[in-house]
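Structure file upload_11.tsv (TSV, C-alpha atoms) follows.
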```tsv
chain	number	residue	atom	x	y	z
E	120	MET	CA	-17.53	-6.50	12.37
E	121	GLY	CA	-15.40	-3.36	12.16
E	122	GLY	CA	-11.73	-2.67	12.63
E	123	LYS	CA	-8.80	-0.78	11.20
E	124	GLY	CA	-7.73	-3.11	8.41
E	125	TYR	CA	-9.44	-4.93	5.61
E	126	LEU	CA	-9.71	-8.67	5.10
E	127	PRO	CA	-11.26	-10.60	2.20
E	128	GLU	CA	-14.99	-11.24	2.33
E	129	GLU	CA	-14.43	-14.98	2.68
E	130	LEU	CA	-12.64	-14.50	6.00
E	131	LEU	CA	-15.31	-12.14	7.30
E	132	ASN	CA	-18.01	-14.68	6.41
E	133	PHE	CA	-16.00	-17.42	8.07
E	134	PHE	CA	-15.90	-15.57	11.39
E	135	GLU	CA	-19.34	-13.93	11.33
E	136	ASP	CA	-21.03	-16.44	13.67
E	137	GLU	CA	-20.35	-16.78	17.37
E	138	ASN	CA	-19.02	-20.32	17.20
E	139	GLY	CA	-15.50	-21.17	18.23
E	140	LYS	CA	-13.09	-21.27	15.29
E	141	THR	CA	-9.45	-22.17	14.83
E	142	ILE	CA	-7.23	-20.80	12.11
E	143	LEU	CA	-3.58	-21.37	11.30
E	144	VAL	CA	-1.54	-18.51	9.84
E	145	LYS	CA	1.79	-19.66	8.49
E	146	GLY	CA	4.65	-18.35	6.41
E	147	PRO	CA	8.34	-17.40	6.54
E	148	PRO	CA	9.61	-14.80	9.05
E	149	GLY	CA	8.76	-11.19	8.28
E	150	THR	CA	5.79	-11.92	6.03
E	151	GLY	CA	3.15	-10.25	8.24
E	152	LYS	CA	1.66	-13.15	10.24
E	153	THR	CA	1.55	-11.33	13.57
E	154	ILE	CA	0.09	-8.13	12.10
E	155	PHE	CA	-2.51	-10.23	10.26
E	156	ALA	CA	-3.56	-11.86	13.54
E	157	LEU	CA	-3.73	-8.54	15.38
E	158	THR	CA	-5.72	-6.93	12.55
E	159	LEU	CA	-8.11	-9.89	12.56
E	160	LEU	CA	-8.58	-9.38	16.30
E	161	SER	CA	-9.53	-5.73	15.75
E	162	ILE	CA	-12.02	-6.66	13.02
E	163	LEU	CA	-13.62	-9.37	15.14
E	164	ARG	CA	-14.17	-6.83	17.91
E	165	GLY	CA	-13.33	-9.49	20.45
E	166	GLU	CA	-11.48	-9.47	23.75
E	167	GLY	CA	-7.98	-10.53	22.92
E	168	VAL	CA	-5.36	-12.64	24.61
E	169	TYR	CA	-1.95	-12.50	22.99
E	170	LEU	CA	0.55	-15.21	23.96
E	171	SER	CA	3.97	-14.18	22.76
E	172	THR	CA	6.85	-16.61	22.53
E	173	ARG	CA	8.77	-14.61	19.93
E	174	VAL	CA	8.20	-10.95	20.73
E	175	ASP	CA	8.80	-9.29	24.08
E	176	PRO	CA	5.40	-7.98	25.21
E	177	GLU	CA	6.80	-4.49	25.74
E	178	MET	CA	7.80	-4.37	22.07
E	179	LEU	CA	4.29	-5.21	20.92
E	180	TYR	CA	2.89	-1.81	21.85
E	181	LEU	CA	5.92	-0.10	20.35
E	182	THR	CA	5.63	-1.80	16.96
E	183	CYS	CA	1.81	-1.82	16.80
E	184	PRO	CA	0.61	1.00	19.11
E	185	TRP	CA	-2.94	0.86	17.69
E	186	ILE	CA	-3.59	-2.49	19.41
E	187	LYS	CA	-3.75	-0.76	22.79
E	188	ASP	CA	-7.45	-0.33	22.04
E	189	GLU	CA	-7.79	-4.02	21.19
E	190	ILE	CA	-5.71	-5.90	23.77
E	191	SER	CA	-5.43	-4.74	27.36
E	192	GLU	CA	-2.11	-5.04	29.14
E	193	ASN	CA	-3.64	-7.72	31.37
E	194	ASN	CA	-4.12	-9.95	28.34
E	195	ILE	CA	-0.63	-9.72	26.87
E	196	VAL	CA	0.98	-12.89	28.11
E	197	ASP	CA	4.73	-13.37	28.18
E	198	ALA	CA	5.23	-16.94	27.07
E	199	THR	CA	8.86	-16.52	26.06
E	200	ARG	CA	10.15	-18.37	29.12
E	201	SER	CA	12.97	-15.85	29.14
E	202	GLU	CA	15.16	-16.05	32.24
E	203	ARG	CA	16.36	-12.45	31.95
E	204	PRO	CA	14.43	-9.75	33.81
E	205	SER	CA	12.59	-7.25	31.62
E	206	VAL	CA	13.86	-3.72	32.02
E	207	LYS	CA	10.48	-2.10	31.30
E	208	ARG	CA	8.11	-4.88	32.24
E	209	THR	CA	4.60	-3.59	32.81
E	210	LYS	CA	3.16	-4.93	36.04
E	211	ALA	CA	0.00	-6.06	34.30
E	212	ILE	CA	1.86	-8.29	31.84
E	213	LYS	CA	1.53	-11.84	33.09
E	214	PRO	CA	4.31	-14.38	32.66
E	215	LEU	CA	3.12	-17.78	31.47
E	216	LYS	CA	4.94	-20.78	32.90
E	217	TYR	CA	3.97	-24.22	31.78
E	218	THR	CA	5.40	-27.70	31.69
E	219	ASP	CA	2.61	-29.80	30.24
E	220	ALA	CA	-0.60	-29.57	28.22
E	221	PRO	CA	-3.11	-29.41	31.11
E	222	GLU	CA	-1.27	-26.48	32.70
E	223	PHE	CA	-1.10	-24.66	29.40
E	224	LEU	CA	-4.80	-25.22	28.68
E	225	ARG	CA	-5.71	-24.09	32.18
E	226	SER	CA	-3.71	-20.87	31.74
E	227	VAL	CA	-5.57	-20.10	28.54
E	228	TYR	CA	-8.96	-20.95	30.06
E	229	GLU	CA	-8.41	-18.74	33.09
E	230	ARG	CA	-7.81	-15.76	30.84
E	231	THR	CA	-10.86	-16.34	28.63
E	232	GLU	CA	-13.59	-17.77	30.88
E	233	GLU	CA	-15.14	-14.34	31.66
E	234	MET	CA	-14.87	-12.97	28.11
E	235	GLU	CA	-17.90	-12.63	25.86
E	236	ASN	CA	-16.04	-12.98	22.58
E	237	PRO	CA	-12.56	-14.32	23.33
E	238	VAL	CA	-9.84	-14.33	20.68
E	239	VAL	CA	-6.58	-16.10	21.53
E	240	ILE	CA	-3.44	-15.51	19.45
E	241	ILE	CA	-0.59	-17.97	19.99
E	242	ASP	CA	2.61	-16.53	18.55
E	243	SER	CA	4.26	-18.79	17.71
E	244	TRP	CA	2.79	-22.25	17.90
E	245	ASP	CA	6.11	-23.89	17.05
E	246	ALA	CA	7.66	-22.51	20.24
E	247	VAL	CA	4.67	-23.38	22.44
E	248	ALA	CA	4.68	-26.97	21.27
E	249	SER	CA	8.38	-27.17	21.91
E	250	TYR	CA	8.14	-25.67	25.41
E	251	THR	CA	5.42	-28.09	26.45
E	252	GLY	CA	7.86	-30.92	25.89
E	253	PHE	CA	5.72	-32.81	23.37
E	254	TYR	CA	8.32	-33.53	20.74
E	255	GLU	CA	6.86	-36.79	19.47
E	256	PRO	CA	4.37	-36.32	16.61
E	257	LYS	CA	1.60	-38.25	18.38
E	258	ASP	CA	1.97	-36.24	21.58
E	259	ARG	CA	2.01	-32.96	19.70
E	260	GLU	CA	-1.07	-33.93	17.70
E	261	ARG	CA	-2.91	-34.73	20.94
E	262	LEU	CA	-2.11	-31.26	22.30
E	263	GLU	CA	-3.28	-29.67	19.06
E	264	HIS	CA	-6.49	-31.69	19.14
E	265	ASN	CA	-7.13	-30.58	22.74
E	266	LEU	CA	-6.67	-26.92	21.84
E	267	CYS	CA	-9.01	-27.12	18.84
E	268	ASP	CA	-11.59	-28.95	20.92
E	269	PHE	CA	-11.23	-26.31	23.67
E	270	ALA	CA	-11.87	-23.52	21.13
E	271	ARG	CA	-15.01	-25.14	19.76
E	272	LYS	CA	-16.53	-25.94	23.17
E	273	THR	CA	-15.84	-22.52	24.70
E	274	GLY	CA	-16.72	-20.37	21.67
E	275	THR	CA	-13.14	-19.13	21.46
E	276	LYS	CA	-11.58	-17.97	18.21
E	277	MET	CA	-8.02	-19.24	18.28
E	278	ILE	CA	-5.30	-18.08	15.91
E	279	PHE	CA	-2.14	-20.19	15.64
E	280	ILE	CA	0.92	-18.51	14.11
E	281	ALA	CA	3.60	-20.78	12.70
E	282	GLU	CA	6.74	-20.29	10.64
E	283	TYR	CA	6.74	-23.62	8.88
E	284	THR	CA	5.34	-23.76	5.35
E	285	ASP	CA	4.88	-27.50	4.77
E	286	GLN	CA	1.82	-29.59	5.67
E	287	ARG	CA	1.64	-30.86	9.26
E	288	SER	CA	-0.94	-32.33	11.58
E	289	LEU	CA	-2.30	-28.97	12.74
E	290	ASP	CA	-3.19	-28.04	9.14
E	291	TYR	CA	-5.79	-30.82	9.12
E	292	LEU	CA	-7.18	-30.12	12.60
E	293	VAL	CA	-7.85	-26.38	12.33
E	294	ASP	CA	-10.87	-24.90	10.58
E	295	GLY	CA	-8.86	-22.55	8.38
E	296	VAL	CA	-5.36	-22.23	6.95
E	297	ILE	CA	-3.86	-18.94	5.70
E	298	ILE	CA	-0.44	-18.67	4.06
E	299	VAL	CA	1.28	-15.28	3.85
E	300	GLU	CA	4.41	-14.72	1.82
E	301	TYR	CA	6.40	-12.03	0.11
E	302	MET	CA	7.76	-11.91	-3.42
E	303	GLN	CA	10.11	-9.63	-5.30
E	304	GLU	CA	9.40	-7.53	-8.37
E	305	SER	CA	12.42	-5.66	-9.74
E	306	ASP	CA	13.99	-5.30	-6.28
E	307	ARG	CA	10.64	-4.32	-4.77
E	308	ILE	CA	8.53	-6.18	-2.26
E	309	LEU	CA	5.10	-7.64	-2.97
E	310	ARG	CA	3.01	-9.44	-0.36
E	311	ARG	CA	0.54	-12.21	-1.10
E	312	MET	CA	-2.03	-14.06	1.00
E	313	PHE	CA	-3.32	-17.50	0.06
E	314	ILE	CA	-6.51	-18.79	1.68
E	315	GLN	CA	-5.84	-22.51	1.61
E	316	LYS	CA	-8.79	-23.71	3.68
E	317	LEU	CA	-11.91	-22.30	5.34
E	318	ARG	CA	-14.08	-25.13	6.58
E	319	GLY	CA	-17.73	-24.64	5.61
E	320	CYS	CA	-17.04	-21.44	3.66
E	321	ALA	CA	-16.71	-21.03	-0.11
E	322	ILE	CA	-13.41	-19.50	-1.26
E	323	ARG	CA	-14.03	-17.45	-4.41
E	324	ASN	CA	-10.73	-15.59	-4.49
E	325	PRO	CA	-8.01	-17.61	-2.77
E	326	LEU	CA	-5.18	-15.19	-3.66
E	327	SER	CA	-4.97	-11.54	-2.68
E	328	LEU	CA	-2.35	-8.80	-2.57
E	329	PHE	CA	-1.85	-7.12	0.78
E	330	THR	CA	0.16	-4.42	2.51
E	331	LEU	CA	1.35	-3.81	6.07
E	332	ASN	CA	1.34	-0.05	5.60
E	333	GLY	CA	0.91	1.72	8.94
E	334	GLY	CA	1.41	-1.50	10.89
E	335	VAL	CA	-2.03	-2.77	9.83
E	336	PHE	CA	-2.83	-5.72	7.57
E	337	LYS	CA	-4.85	-4.60	4.57
E	338	SER	CA	-5.91	-6.99	1.84
E	339	LEU	CA	-6.27	-4.94	-1.33
E	340	LYS	CA	-9.41	-4.96	-3.42
E	341	TYR	CA	-10.27	-3.34	-6.74
E	342	GLU	CA	-13.76	-2.25	-7.74
E	343	PRO	CA	-14.41	-0.72	-11.20
E	344	LEU	CA	-15.29	2.95	-11.15
E	345	SER	CA	-18.67	2.32	-12.79
E	346	GLU	CA	-19.75	0.18	-9.84
E	347	LYS	CA	-18.54	2.67	-7.24
E	348	LEU	CA	-20.36	5.59	-8.90
E	349	ARG	CA	-23.81	3.99	-8.74
E	350	GLU	CA	-26.35	6.08	-6.83
E	351	LEU	CA	-23.66	8.64	-6.01
E	352	ASN	CA	-24.39	12.35	-5.71
E	353	LEU	CA	-21.71	13.68	-8.03
E	354	THR	CA	-19.61	16.71	-7.10
E	355	THR	CA	-16.76	18.62	-8.71
E	356	PRO	CA	-13.46	18.33	-6.86
E	357	GLU	CA	-11.32	21.28	-5.89
E	358	PRO	CA	-8.05	21.04	-7.82
E	359	ILE	CA	-4.81	20.04	-6.14
E	360	GLU	CA	-2.46	22.95	-6.72
E	361	ARG	CA	1.30	22.84	-6.58
E	362	THR	CA	2.69	25.24	-3.98
E	363	ASP	CA	6.44	25.09	-4.67
E	364	GLY	CA	6.43	27.54	-7.56
E	365	ALA	CA	7.53	24.97	-10.17
E	366	ASP	CA	5.49	26.21	-13.14
E	367	ASP	CA	6.69	23.49	-15.50
E	368	TYR	CA	5.25	20.73	-13.27
E	369	VAL	CA	1.60	19.70	-13.32
E	370	SER	CA	-0.03	17.95	-10.36
E	371	THR	CA	-0.71	14.25	-10.83
E	372	GLY	CA	-4.11	14.72	-9.20
E	373	VAL	CA	-3.05	12.18	-6.57
E	374	ARG	CA	-1.57	13.65	-3.40
E	375	GLU	CA	0.54	10.58	-2.62
E	376	LEU	CA	2.11	10.68	-6.07
E	377	ASP	CA	2.74	14.43	-5.94
E	378	SER	CA	4.80	13.86	-2.80
E	379	LEU	CA	6.72	11.06	-4.52
E	380	LEU	CA	7.19	12.42	-8.04
E	381	GLY	CA	6.79	16.16	-7.55
E	382	GLY	CA	4.14	16.07	-10.27
E	383	TYR	CA	4.41	15.46	-14.02
E	384	ARG	CA	6.91	17.36	-16.14
E	385	TYR	CA	7.51	17.17	-19.90
E	386	LEU	CA	7.62	13.49	-20.96
E	387	ASN	CA	6.03	10.86	-18.69
E	388	ILE	CA	5.91	7.24	-19.85
E	389	PHE	CA	3.60	4.58	-18.42
E	390	GLU	CA	4.52	1.13	-19.69
E	391	GLY	CA	2.63	-2.12	-19.17
E	392	ASP	CA	-0.99	-2.74	-18.21
E	393	PHE	CA	-3.53	-0.19	-19.44
E	394	LEU	CA	-5.84	0.01	-16.39
E	395	PRO	CA	-3.38	1.72	-13.97
E	396	PHE	CA	-2.47	4.23	-16.69
E	397	ARG	CA	-6.12	5.00	-17.37
E	398	MET	CA	-6.79	5.62	-13.67
E	399	LEU	CA	-3.85	8.02	-13.36
E	400	ALA	CA	-4.62	9.76	-16.66
E	401	GLN	CA	-8.23	10.40	-15.57
E	402	ALA	CA	-7.12	11.78	-12.20
E	403	ALA	CA	-4.56	14.07	-13.84
E	404	ALA	CA	-7.00	15.27	-16.52
E	405	ILE	CA	-9.78	16.11	-14.05
E	406	ASN	CA	-7.37	17.99	-11.82
E	407	CYS	CA	-5.71	19.84	-14.70
E	408	LEU	CA	-9.05	20.93	-16.22
E	409	ASN	CA	-10.44	22.12	-12.88
E	410	SER	CA	-7.28	24.21	-12.51
E	411	GLY	CA	-8.29	26.11	-15.66
E	412	LYS	CA	-5.68	24.45	-17.88
E	413	ARG	CA	-6.18	22.87	-21.31
E	414	VAL	CA	-5.97	19.10	-21.82
E	415	GLY	CA	-5.50	17.35	-25.15
E	416	ILE	CA	-6.72	13.76	-25.48
E	417	SER	CA	-5.80	11.75	-28.56
E	418	ALA	CA	-8.63	9.98	-30.36
E	419	VAL	CA	-7.51	6.55	-29.18
E	420	HIS	CA	-8.32	7.61	-25.59
E	421	SER	CA	-11.49	9.53	-26.45
E	422	GLU	CA	-13.70	7.17	-24.39
E	423	MET	CA	-12.13	8.81	-21.36
E	424	LEU	CA	-14.09	11.99	-22.06
E	425	ASP	CA	-17.45	10.60	-20.93
E	426	GLU	CA	-15.88	9.45	-17.66
E	427	ILE	CA	-14.17	12.70	-16.70
E	428	MET	CA	-16.65	15.36	-17.91
E	429	PRO	CA	-19.18	14.98	-15.03
E	430	PHE	CA	-16.39	16.00	-12.64
E	431	VAL	CA	-15.12	19.04	-14.56
E	432	ARG	CA	-16.53	22.52	-13.93
E	433	GLU	CA	-18.94	23.48	-16.71
E	434	ASP	CA	-17.04	26.65	-17.57
E	435	PHE	CA	-13.85	24.60	-18.09
E	436	ARG	CA	-15.28	21.78	-20.21
E	437	GLU	CA	-14.39	23.57	-23.42
E	438	ASN	CA	-10.73	23.29	-22.41
E	439	VAL	CA	-10.66	19.69	-23.66
E	440	ILE	CA	-9.14	19.19	-27.09
E	441	GLU	CA	-9.69	15.91	-28.92
E	442	GLU	CA	-7.39	15.47	-31.91
E	443	ASN	CA	-5.27	12.88	-33.64
E	444	THR	CA	-2.14	15.03	-33.50
E	445	THR	CA	0.37	15.64	-30.76
E	446	ASN	CA	0.75	19.28	-31.83
E	447	MET	CA	-2.21	20.37	-29.70
E	448	ASP	CA	-2.28	23.80	-28.07
E	449	CYS	CA	-2.72	22.64	-24.46
E	450	ASN	CA	-0.95	22.21	-21.14
E	451	MET	CA	-1.26	18.41	-20.95
E	452	ILE	CA	-1.44	15.72	-23.64
E	453	ILE	CA	-2.75	12.17	-23.06
E	454	VAL	CA	-1.59	9.95	-25.90
E	455	ASP	CA	-0.58	6.42	-26.91
E	456	ILE	CA	3.18	6.52	-27.52
E	457	ASP	CA	2.83	4.48	-30.72
E	458	ASP	CA	0.51	7.17	-32.14
E	459	ILE	CA	3.04	9.98	-31.76
E	460	ASP	CA	3.63	11.17	-35.32
E	461	MET	CA	7.16	12.49	-34.89
E	462	ASN	CA	10.60	11.39	-33.78
E	463	MET	CA	10.52	10.78	-30.01
E	464	ARG	CA	13.55	12.94	-29.30
E	465	ASP	CA	12.01	15.77	-31.32
E	466	PHE	CA	8.76	15.22	-29.43
E	467	TYR	CA	10.61	15.53	-26.10
E	468	ALA	CA	12.40	18.68	-27.27
E	469	ASP	CA	9.06	20.17	-28.37
E	470	LEU	CA	7.54	19.51	-24.94
E	471	ARG	CA	10.42	21.28	-23.22
E	472	ALA	CA	10.35	24.22	-25.59
E	473	LYS	CA	6.61	24.78	-25.12
E	474	GLY	CA	6.47	23.85	-21.43
E	475	LYS	CA	3.90	21.11	-22.07
E	476	VAL	CA	3.35	17.83	-20.24
E	477	ALA	CA	2.65	14.51	-21.99
E	478	LEU	CA	1.29	11.34	-20.40
E	479	CYS	CA	2.24	8.57	-22.83
E	480	TYR	CA	0.93	5.02	-22.59
E	481	ALA	CA	3.30	2.35	-23.91
E	482	ARG	CA	2.81	-1.37	-24.24
E	483	GLU	CA	5.38	-3.70	-22.72
E	484	ASN	CA	8.81	-3.35	-24.38
E	485	SER	CA	7.64	-0.64	-26.77
E	486	ALA	CA	10.44	0.43	-29.13
E	487	LYS	CA	9.50	4.11	-28.83
E	488	SER	CA	9.49	3.85	-25.04
E	489	LEU	CA	12.91	2.20	-25.07
E	490	GLU	CA	14.24	5.05	-27.18
E	491	VAL	CA	13.49	7.83	-24.67
E	492	ARG	CA	12.69	6.30	-21.28
E	493	HIS	CA	16.15	7.25	-20.00
E	494	ILE	CA	15.42	10.96	-20.54
E	495	ALA	CA	11.77	10.89	-19.48
E	496	SER	CA	10.85	12.94	-16.43
E	497	THR	CA	9.04	9.90	-15.06
E	498	PHE	CA	9.08	6.30	-16.26
E	499	ILE	CA	6.40	4.25	-14.53
E	500	ARG	CA	5.71	0.53	-14.80
E	501	THR	CA	2.00	-0.31	-14.71
E	502	LYS	CA	1.06	-3.80	-13.56
E	503	ARG	CA	-1.83	-5.86	-12.25
E	504	TYR	CA	-1.01	-8.21	-9.40
E	505	MET	CA	-3.80	-10.58	-8.38
E	506	GLY	CA	-6.26	-8.28	-10.11
E	507	ILE	CA	-5.05	-5.13	-8.33
E	508	PRO	CA	-3.84	-2.22	-10.50
E	509	CYS	CA	-0.36	-1.24	-9.34
E	510	ILE	CA	2.48	1.03	-10.35
E	511	TYR	CA	6.12	1.52	-9.53
E	512	ALA	CA	8.44	4.15	-10.93
E	513	GLU	CA	11.87	3.43	-12.36
E	514	THR	CA	12.46	7.20	-12.65
E	515	PRO	CA	12.48	8.23	-9.88
E	516	PHE	CA	12.78	4.91	-8.04
E	517	THR	CA	9.76	4.07	-5.89
E	518	LYS	CA	8.29	1.03	-4.18
E	519	VAL	CA	5.15	-0.65	-5.52
E	520	TYR	CA	1.90	1.26	-5.01
E	521	ALA	CA	-1.58	-0.23	-5.30
E	522	LEU	CA	-4.24	1.99	-6.87
E	523	GLU	CA	-7.91	2.17	-5.93
E	524	TRP	CA	-10.86	4.46	-6.55
E	525	ASP	CA	-12.15	6.51	-3.65
E	526	VAL	CA	-15.54	8.13	-4.33
E	527	SER	CA	-16.37	8.99	-0.73
E	528	ALA	CA	-16.34	12.73	-1.51
E	529	GLY	CA	-18.62	12.38	-4.55
E	530	PHE	CA	-15.94	12.31	-7.24
E	531	PRO	CA	-13.40	9.71	-8.42
E	532	ALA	CA	-10.14	10.21	-6.53
E	533	VAL	CA	-7.26	7.77	-6.92
E	534	ARG	CA	-5.63	6.51	-3.75
E	535	ALA	CA	-2.10	5.08	-3.94
E	536	THR	CA	-1.21	2.68	-1.11
E	537	PRO	CA	2.42	1.54	-0.72
E	538	ILE	CA	3.10	-2.17	-0.50
E	539	GLU	CA	5.17	-2.41	2.68
```
Serialized structure, structure tokens:
Amino acid sequence: MGGKGYLPEELLNFFEDENGKTILVKGPPGTGKTIFALTLLSILRGEGVYLSTRVDPEMLYLTCPWIKDEISENNIVDATRSERPSVKRTKAIKPLKYTDAPEFLRSVYERTEEMENPVVIIDSWDAVASYTGFYEPKDRERLEHNLCDFARKTGTKMIFIAEYTDQRSLDYLVDGVIIVEYMQESDRILRRMFIQKLRGCAIRNPLSLFTLNGGVFKSLKYEPLSEKLRELNLTTPEPIERTDGADDYVSTGVRELDSLLGGYRYLNIFEGDFLPFRMLAQAAAINCLNSGKRVGISAVHSEMLDEIMPFVREDFRENVIEENTTNMDCNMIIVDIDDIDMNMRDFYADLRAKGKVALCYARENSAKSLEVRHIASTFIRTKRYMGIPCIYAETPFTKVYALEWDVSAGFPAVRATPIE
């Protein structure tokens, strides 16, 4: 299986055989159900049929243009029952008219009978059930049973999309149930997927953080750097240089963050979970050293040295200073804020006077952080959501970004993916 997005291993294992499967994707409006289904289709590498009762078919290509390679126009089915004529209706888009279950099943069968690996997306199931006229629970359950039986007997993978969140008859009939939802964190959006059921498949990690960045569903995964570096041919990265002439800024070492923050300048506070700070500090230190600058690392963070040195040019390795004082003669300081041995306002004034940059880690609600966070060049919250290291900046304001290691080029680069 390939595709543009990423789904948890449990889901990939669930769909790896050629048997017909049914899965229900449910959650409130706007949580990413449709994009999940379309991303799943691309990963399954199947021939897709998309039955839309909520979205005009013409809009589908506009909102998710990448699915043109996954679903042909012939297999986008207008099931909206709209009486108005479409202004831009593509000739290949087929209207679906139905009045009862047999007609509906026949329409689906006719579009899948010649396919080798058919994947049918019904968006949304609530509307389809309503349009068929089966309002009574027993009648609706019979239709659902027929569809699930059809999928199993024909080897079809069928994805039902629904906007209800409670337990109903379909939840018990389908082979899998996925719930997608969004949460809020300090006026920022987080997205969570819950794998409630996968028949015949073990669920090791039922909860995962995901993003819809780029119109593609991506479930986020974190792997420790030590695991990703195994059997890797190590290389030294070329430094990311600032090109705007701002000499008092230092690159973060992460291109996405440079575009957001402009780089690091003077005092930069990272408050919360240690792992996201460590990732960003390593990226900044490697980049700064390979630029020929000097980096001071306080003794409490000395274990970082063994992790960054293999990726620093040999002629620049002497530019690392390891001391227990913040009065180090260097361009960048990496320090625990509670170990700063001077008044925080004096420390900030000293950074400005000497044109130095400090990356300061602070635990949650640190008194020293509270004292100067309002004048810090950047104030970044570091969190772990469902095991994923994340950050969001209060100064300047940013959305939530998930961090991951990318070692594809032979060195540890940090990638920051927005949660959208």
Report task. Mind checking which residues fall within 6 Å of Gly372 of chain E, counting all atoms listed in the file, ignoring those fewer than 6 positions away in the same chain, and posting them as a list in words? Result -> Ala402, Ala403 and Asn406 of chain E
**Report entry** Closest of E:Ala156, E:Ala486, E:Ile280, E:Met461 to Ile241 of chain E - atom-to-atom distances counting only C-alpha atoms
**Finding:**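 Closest candidate: E:Ile280.
One finds atom CA of Ala400 of chain E at 9.9 Å from atom CA of His420 of chain E.
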Requested in this report: Would you list the residues near (-15.6, -22.9, 2.3), meaning any protein, DNA or RNA residue with an atom at most 12 Å from that point in file coordinates, counting all atoms listed in the file, as an NGL selection string?
Outcome: :E and (128-134 or 294-296 or 314-325)
Report task. For each of E:Asp392, E:Asp465, E:Glu282, E:Glu255, take the minimum atom-to-atom distance to Asp242 of chain E, counting all atoms listed in the file, then give the residue where this is smallest. Result ->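 Under the stated criterion, the closest residue is E:Glu282.
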Query raised in the report: Between E:Asn138, E:Asn387, E:Asn443, E:Ser410, which has the minimum distance to Tyr467 of chain E (counting only C-alpha atoms)?
Result: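 Once distances to Tyr467 of chain E are computed over only C-alpha atoms, the minimum belongs to E:Asn387.
We find atom CA of Asp245 of chain E and atom CA of Pro184 of chain E to be spaced 25.6 Å apart.
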The residues within 7 Å of (-10.7, 6.5, -7.5), using only C-alpha atoms and the coordinates of the file, should be reported as an mmCIF file with C-alpha atoms, in the frame of the given file; which are they?
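Output file out_11.cif is given in full below:
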```
data_model
loop_
_atom_site.group_PDB
_atom_site.id
_atom_site.type_symbol
_atom_site.label_atom_id
_atom_site.label_comp_id
_atom_site.auth_asym_id
_atom_site.auth_seq_id
_atom_site.Cartn_x
_atom_site.Cartn_y
_atom_site.Cartn_z
ATOM 1 C CA LEU E 344 -15.290 2.950 -11.150
ATOM 2 C CA GLU E 523 -7.910 2.170 -5.930
ATOM 3 C CA TRP E 524 -10.860 4.460 -6.550
ATOM 4 C CA ASP E 525 -12.150 6.510 -3.650
ATOM 5 C CA VAL E 526 -15.540 8.130 -4.330
ATOM 6 C CA PRO E 531 -13.400 9.710 -8.420
ATOM 7 C CA ALA E 532 -10.140 10.210 -6.530
ATOM 8 C CA VAL E 533 -7.260 7.770 -6.920
ATOM 9 C CA ARG E 534 -5.630 6.510 -3.750
#
```
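The nearest approach to Glu441 of chain E among the residues E:Glu490, E:Val414, E:Phe313, E:Asp460, with only C-alpha atoms taken into account, belongs to E:Val414.
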Query raised in the report: Residues at most 12 Å from Arg164 of chain E, counting only C-alpha atoms, excluding those fewer than 3 positions away in the same chain, as an MDAnalysis selection string?
Result: chainID E and resid 120:123 131 134:135 137 157:161 167 186 188:190 234:238 276
Residues as selected, C-alpha atoms, written as a short mmCIF file (atom, residue, chain, number, x, y, z; two decimals), in the coordinates of the input, can you do that?
```
data_model
loop_
_atom_site.label_atom_id
_atom_site.label_comp_id
_atom_site.auth_asym_id
_atom_site.auth_seq_id
_atom_site.Cartn_x
_atom_site.Cartn_y
_atom_site.Cartn_z
CA MET E 120 -17.53 -6.50 12.37
CA GLY E 121 -15.40 -3.36 12.16
CA GLY E 122 -11.73 -2.67 12.63
CA LYS E 123 -8.80 -0.78 11.20
CA LEU E 131 -15.31 -12.14 7.30
CA PHE E 134 -15.90 -15.57 11.39
CA GLU E 135 -19.34 -13.93 11.33
CA GLU E 137 -20.35 -16.78 17.37
CA LEU E 157 -3.73 -8.54 15.38
CA THR E 158 -5.72 -6.93 12.55
CA LEU E 159 -8.11 -9.89 12.56
CA LEU E 160 -8.58 -9.38 16.30
CA SER E 161 -9.53 -5.73 15.75
CA GLY E 167 -7.98 -10.53 22.92
CA ILE E 186 -3.59 -2.49 19.41
CA ASP E 188 -7.45 -0.33 22.04
CA GLU E 189 -7.79 -4.02 21.19
CA ILE E 190 -5.71 -5.90 23.77
CA MET E 234 -14.87 -12.97 28.11
CA GLU E 235 -17.90 -12.63 25.86
CA ASN E 236 -16.04 -12.98 22.58
CA PRO E 237 -12.56 -14.32 23.33
CA VAL E 238 -9.84 -14.33 20.68
CA LYS E 276 -11.58 -17.97 18.21
#
```
Wanna dump the segment 337-370 of chain E-segment 445-453 of chain E contacts at 12 Å for me, each residue with its shortest atom pair and the distance in Å to one decimal, counting all atoms listed in the file, ordered by chain and number, as a tab-separated table?
```
residue	atom	partner	partner_atom	distance
E:Asp366	CA	E:Asn450	CA	11.0
E:Asp367	CA	E:Asn450	CA	9.6
E:Tyr368	CA	E:Asn450	CA	10.1
E:Val369	CA	E:Met451	CA	8.2
E:Ser370	CA	E:Met451	CA	10.7
```
**Report entry** Among listed residues E:Arg287, E:Lys340, E:Arg225, E:His493, nearest Lys145 of chain E (using all atoms listed in the file)
**Finding:**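 Nearest to Lys145 of chain E: E:Arg287.
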Query - Neighbour list for segment 258-269 of chain E as a list in words, cut-off 8 Å, only C-alpha atoms, skip fewer than 2 positions in-chain - result: Lys140, Thr141, Ala220, Leu224, Ala248, Phe253, Tyr254, Glu255, Pro256, Arg271, Lys272, Thr273, Thr275, Met277, Ser288, Leu289, Leu292 and Val293 of chain E
**Report entry** Closest of E:Ile240, E:Val196, E:Ala512, E:Pro147 to Gly165 of chain E - atom-to-atom distances counting all atoms listed in the file
**Finding:**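 Under the stated criterion, the closest residue is E:Ile240.
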